[in-house]
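Colleague: Pasting a structure here, questions to come.
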Amino acid sequence: MKKIIALLLAAVLMLPVCALGAEAEGSVLNIYCWNEEFKTRFEAFYTMPEGVEVNWVITPSTDNAYQNALDEALLNQEDAAADSRIDLFLVEADYAVKYSDSDFTLDVIGDVGLSAEDVADMYPYTKAIMTVGDALKGVSWQACPGGFIYRRTYAKEVLGTDDPAAVQQFVSDWDKFGETASKMKNAGYFMLSGFDDAYRCFSDNMSAPWVVDGMIQKDPVIEQWIAMTKEYTDLGYNNKANLWSAESSAGAGADGKVFGYFGPAWFIDFSLAKWTLADSTAEPAVGNGSWGDWAFCQGPQGFSWGGTWICAAAGTDNLSLVKDIMYKMTCDRETLAKIVEEYGDFTNSVETMTQMASGDYRNEFLGGQNHLALFLENAQNIVRAMSTAYDQTCTEKLMAAMVDYFNGVVDLDTAWDNFFTAVEEVHPELSH
Amino acid sequence: MQHNEIPARHKSVSYAKWGYIFLIPFFLSFCIFTIIPLGRTFYYSTFEYFRSGLKTIGPTPVGLRNFVEIFSKADLGKYLWNTLWLWLLGFIPQIIVSLVLAVWFTDTRLHLRGQGFFKTVIYMPNLIMASAFSMLFFALFSDGGPINSAMEMLRMQPYSFLRNVAGTRGLIALMNFLMWFGNTTIVLMAAIMGIDTNLFEAAEIDGTNAWTTFWHVTIPLIKPVLSYTLITSMIGGLQMFDVPQILTNGNGNPNRSCMTIIMLLNNYMGKSKNYGYGGALSVILFVITSVLGLLVYYVLNTDEREERKLEKRSRMGGVQL
């Protein structure tokens with residue numbers, strides 16, 4: 001019964017949208033996002049039709065500011081004048097479900113008008129995460145399979161080789177990874193930078209969603225991550241840094257002692273490459289810090305991290321333009337290939353990526369390696385069926401709570417209790 | 001004759017209405033920005049009213065359930081304790097140092113030179129935004145920060161300030177101390193300078209030492225200002241937020257030992273916009289602040305009231321006689 005009512009409601013809500021779509025379109029296209037990532041790609045590869053201007057509303061995600069601003073705007077969407085309504089907005093993997101599982105986003109196929117063939121070549125997980133019932137609620141230009149990015153010099157010194165295929169043999173499962181970590185420790189290096197580095201390898205392979213029926217779950221896979229990180233911390237395998245801390249980025253610098261980091265393509269370009277530079281104002285090139293002294297291998301476990309999706313907002317007055325942008329930026333193979341060449345993204349087209357992986361693409365930061373081939377298999381194997389609207393809170397609060405356990409300030413049970421308390425404080429509808 | 005008109009001029013002219021007229025803007029803004037929000041806070045504290053994702057739950061009246069749940073689920077006692085601890089850790093050294101400095105600066109015999117300079121310098125930390133100050137300390141005292149590097153250079157054992165309860169609480173207290181001791185010093189100096197210097201001279205002639213003068217002349221005479229300092233600092237302490245929020249990245253760790261009441265409120269009002277819990281917590285804080293404020297006020301002013309009573313009684317006695 002509830003479902004029928006919901007369907008009816010949705011249908012009624014869609015009516016004005018469809019009616020609007022048929023009429024003349026608005027002259028302002030409002031796009032909500034949290035950084036310049038999409039803007040640069042959009043401005044480089046999309047030509048706006050005449051008479052329509054883009055209004056970028058960029059709010060940083062720090063302290064939840066982006067979601068706060070987006071939520072307010074979405075909740076006022078019905079009362080807003082046509083030209084100030086949100087037309088497009090971007091969401092990140094950790095909270096995408098909050099928006100996909102709502103009436104504020106349009107079905108990309110049913111409402112916006114892309115065809116099933118248009119999105120057929122996208123990596124399955126990028127569609128799974130945004131699929132609610134039969135509706136696809138957002139599309140992405142990128143896929144974010146991750147791997148292990150290691151320092152070539154240290155690999156040569158300790159393992160005797162820096163060849164990605166050979167190094168992969170030393171880290172192909174968690175047992176071997178631990179053995180290699182011990183070798184690194186003996187040589188005076190840290191296998192990982194800190195506590196949270198391996199988190200995504202585990203959290204992306206959880207056995208159940210973070211929240212089931214309002215109950216927060218203690219997933220065995222997460223417990224595995226905690227046990228391993230505690231062991232690594234006690235044995236001195238990591239540099240005890242928090243994610244995104246100054247200590248973590250210093251580990252990749254010229255004098256840094258960190259052997260490797262886990263991450264996807266965007267992590268290499270946006271984070272690691274910058275951390276390796278001794279002189280950040282100079283041209284990134286071999287010789288500037290540890291730039292170019294890195295290589296990529298698949299690591300012990302396939303995983304993905306992050307990702308940005310484009311959603312069409314219900315109530316948009318630029319529906320056909322939205323459709324065209326979605327097509328051009330996420331389905332058009334020519335654009336996707338250009339994005340790889342220009343920005344190093346791993347883009348969301350199985351065929352394009354397969355072609356480029358065997359092509360002559362070279363990444364200078366990774367010592368001239370064509371790492372796309374190594375991403376290929378991982379990208380196909382990503383499963384994102386476990387996503388919930390609470391992933392972001394759970395991830396942040398878990399990392400914060402477990403640091404105390406890793407440092408020996410509290411025991412494991414207290415750390416879990418602190419985690420539950422912190423999550424339930426933010427989401428009163430949850431319990432454990 | 002002109003002289004006859006003079007009494008007419010003495011007819012009193014009331015300017016009181018202008019006083020009320022000039023007060024209108026204040027009372028208007030006070031109502032809009034303080035009384036009405038305060039009333040709504042009380043009102044919503046009895047509702048279940050929050051957001052789950054993009055869906056708004058409530059408002060549903062739930063009576064006093066929010067209050068019960070805050071005490072049972074949220075362990076409010078712990079956060080109250082944290083807040084008081086953090087405040088006392090900063091306030092005790094602050095009041096001691098401020099008293100000493102105020103006495104030194106005002107001592108006519110000591111006649112310290114360069115007072116203007118010192119007064120400016122000790123007030124300076126207060127000019128920095130608390131959040132900026134906190135970020136600075138975060139960078140200074142982090143594991144790879146300059147303080148730890150300096151300690152290593154001096155062959156001392158590096159210390160993870162932000163990973164130990166004592167270290168983190170100590171840093172928060174230190175920041176609050178640094179930010180407020182200059183302000184308190186200046187307030188106390190004003191109070192001490194208000195004391196008739198004859199009293200100090202008289203005490204000196206009676207052969208008191210500095211300690212006795214301080215304890216039996218200065219302190220009793222600046223008591224009203226001391227109680228003002230204590231109450232304002234306590235209210236400020238109960239509302240402690242920006243320093244621990246920034247230093248601990250909003251988590252109040254290690255082991256939630258630096259989670260203050262307002263940080264908890266911030267968590268309630270963040271993602272889920274929980275007006276029910278937020279309102280209830282604010283009401284509790286309102287009651288606590290009022291009770292503590294009144295308590296301090298009465299304890300510190302007991303002597304004065306008794307004196308006044310005695311004075312009144314003796315005057316009345318005089319009449320009776």
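Numbering starts fresh at 1 for the residues of each chain in the structure tokens, the chains themselves are lettered A, B, ... in the order given, and ligands are numbered from 1 as they appear.
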Within 7 Å of chain A, which residues of chain B show up when using only C-alpha atoms, listed as a list in words?
Modeller: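 Residues passing the distance filter: Gly53, Leu54, Gly144, Asn251, Pro254, Asn255, Asn267, Tyr268, Gly270, Lys271 and Ser272 of chain B.
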Colleague: Running DSSP on the backbone, which parts of segment 37-104 of chain B land in strand (DSSP E), as a list of chain:residue names?
Modeller: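 Matching residues for strand (DSSP E) in segment 37-104 of chain B are B:Phe47, B:Glu48, B:Tyr49, B:Phe50, B:Arg51, B:Ser52, B:Lys55, B:Thr56, B:Ile57, B:Gly58, B:Pro59, B:Thr60, B:Pro61.
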Colleague: Any chance you can output those residues with C-alpha atoms as an mmCIF file, in the first residue's frame?
Modeller:
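Result file is out-v4.cif:
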data_model
loop_
_atom_site.group_PDB
_atom_site.id
_atom_site.type_symbol
_atom_site.label_atom_id
_atom_site.label_comp_id
_atom_site.auth_asym_id
_atom_site.auth_seq_id
_atom_site.Cartn_x
_atom_site.Cartn_y
_atom_site.Cartn_z
ATOM 1 C CA PHE B 47 9.086 17.912 20.589
ATOM 2 C CA GLU B 48 10.593 15.154 18.506
ATOM 3 C CA TYR B 49 11.808 17.225 15.594
ATOM 4 C CA PHE B 50 14.800 16.357 13.416
ATOM 5 C CA ARG B 51 15.893 15.493 9.922
ATOM 6 C CA SER B 52 16.733 12.033 8.692
ATOM 7 C CA LYS B 55 13.099 13.874 5.426
ATOM 8 C CA THR B 56 11.875 15.927 8.362
ATOM 9 C CA ILE B 57 10.636 13.858 11.297
ATOM 10 C CA GLY B 58 8.069 15.616 13.465
ATOM 11 C CA PRO B 59 7.422 17.993 15.115
ATOM 12 C CA THR B 60 5.636 15.540 17.406
ATOM 13 C CA PRO B 61 5.054 16.487 21.050
#
Colleague: If you count only C-alpha atoms, which residues fall within 8 Å of segment 383-386 of chain A, apart from same-chain ones fewer than 4 positions away, as a list in words?
Modeller: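 So, after excluding close chain neighbours, the residues are Tyr125, Thr126, Ala128, Ile129, Asp204, Asn205, Met206, Ser207, Ala208, Pro209 and Trp210 of chain A.
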Colleague: Keeping only C-alpha atoms, write the selected residues to a file as a PDB file, in the first residue's frame.
Modeller:
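Wrote selection07.pdb, looks like this:
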ATOM      1  CA  TYR A 125      29.167  -0.254  -9.684  1.00  0.00           C
ATOM      2  CA  THR A 126      28.806   3.413 -10.652  1.00  0.00           C
ATOM      3  CA  ALA A 128      24.483   0.233  -8.785  1.00  0.00           C
ATOM      4  CA  ILE A 129      25.189   2.833  -6.120  1.00  0.00           C
ATOM      5  CA  ASP A 204      34.601  -1.206   0.410  1.00  0.00           C
ATOM      6  CA  ASN A 205      34.322  -4.950   0.940  1.00  0.00           C
ATOM      7  CA  MET A 206      31.997  -4.978   3.939  1.00  0.00           C
ATOM      8  CA  SER A 207      29.728  -7.975   4.407  1.00  0.00           C
ATOM      9  CA  ALA A 208      26.683  -5.889   5.342  1.00  0.00           C
ATOM     10  CA  PRO A 209      25.674  -2.225   5.109  1.00  0.00           C
ATOM     11  CA  TRP A 210      26.671   0.096   7.957  1.00  0.00           C
TER      12      TRP A 210
END
Colleague: Considering only C-alpha atoms, return as a list in words whatever protein or nucleic-acid residues lie within 12 Å of Ile92 of chain B, sequence-local ones (same chain, fewer than 2 positions apart) excluded.
Modeller: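 Close residues of Ile92 of chain B: Leu84, Trp85, Leu86, Trp87, Leu88, Leu89, Gly90, Gln94, Ile95, Ile96, Val97, Ser98, Leu99, Ala173, Leu174, Asn176, Phe177, Trp180, Phe181, Thr184, Thr229, Leu230, Ser233 and Met234 of chain B.
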Colleague: Got a sec: who's within 9 Å of Phe45 of chain A, counting only C-alpha atoms, leaving out chain neighbours fewer than 2 positions off, as a ChimeraX atom specification?
Modeller: /A:40-43,47,328-329,335,338-339
Colleague: Would you output that residue set with C-alpha atoms, as a short mmCIF file (atom, residue, chain, number, x, y, z; two decimals), in the first residue's frame?
Modeller:
data_model
loop_
_atom_site.label_atom_id
_atom_site.label_comp_id
_atom_site.auth_asym_id
_atom_site.auth_seq_id
_atom_site.Cartn_x
_atom_site.Cartn_y
_atom_site.Cartn_z
CA THR A 40 37.11 22.64 -14.97
CA ARG A 41 36.07 19.57 -16.94
CA PHE A 42 32.72 21.12 -17.85
CA GLU A 43 34.24 24.36 -19.04
CA THR A 47 29.74 24.35 -24.95
CA LYS A 328 28.24 14.77 -23.14
CA MET A 329 30.10 14.60 -19.82
CA THR A 335 34.94 13.49 -24.04
CA LYS A 338 39.97 13.64 -23.46
CA ILE A 339 39.40 13.78 -19.69
#
Colleague: Please identify all polymer residues within 7 Å of Tyr261 of chain A, counting only C-alpha atoms, omitting same-chain residues fewer than 2 positions from it, and present them as a list in words.
Modeller: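 Contacts, with the query itself left out: Phe148, Ile149, Tyr150, Leu192, Ser193, Asp197 and Gly263 of chain A.
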Colleague: Let me see the file: selected residues, N, CA and C atoms, as a tab-separated table (two decimals), in the first residue's frame.
Modeller:
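Okay, this is what ended up in selection_11.tsv:
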chain	number	residue	atom	x	y	z
A	148	PHE	N	47.64	0.04	-4.69
A	148	PHE	CA	48.71	0.40	-3.77
A	148	PHE	C	49.79	1.17	-4.53
A	149	ILE	N	50.06	2.39	-4.09
A	149	ILE	CA	51.04	3.23	-4.77
A	149	ILE	C	52.29	3.25	-3.90
A	150	TYR	N	53.41	2.76	-4.45
A	150	TYR	CA	54.59	2.59	-3.60
A	150	TYR	C	55.79	3.37	-4.15
A	192	LEU	N	52.97	1.66	5.82
A	192	LEU	CA	51.87	2.58	5.56
A	192	LEU	C	52.09	3.86	6.36
A	193	SER	N	51.37	4.90	5.94
A	193	SER	CA	51.55	6.18	6.61
A	193	SER	C	50.90	6.20	7.99
A	197	ASP	N	44.95	4.42	6.40
A	197	ASP	CA	45.33	4.19	5.01
A	197	ASP	C	44.66	2.99	4.38
A	263	GLY	N	45.15	4.08	-2.77
A	263	GLY	CA	44.32	5.13	-3.33
A	263	GLY	C	43.92	4.88	-4.76
Colleague: Using only C-alpha atoms, pick whichever of A:Asp121, A:Asp196, A:Asp134, A:Asp255 has the shortest atom-to-atom distance to Leu336 of chain A.
Modeller: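 The answer is A:Asp121, which sits nearest to Leu336 of chain A.
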Colleague: List as a ChimeraX atom specification the protein and nucleic acid residues near segment 68-81 of chain B, meaning an atom at most 10 Å away when only C-alpha atoms are counted, but skip any in the same chain fewer than 3 places from it.
Modeller: /A:421-422,424-425 /B:63-65,84-87,238,252,256-264,277-278,280-281,284-285,288
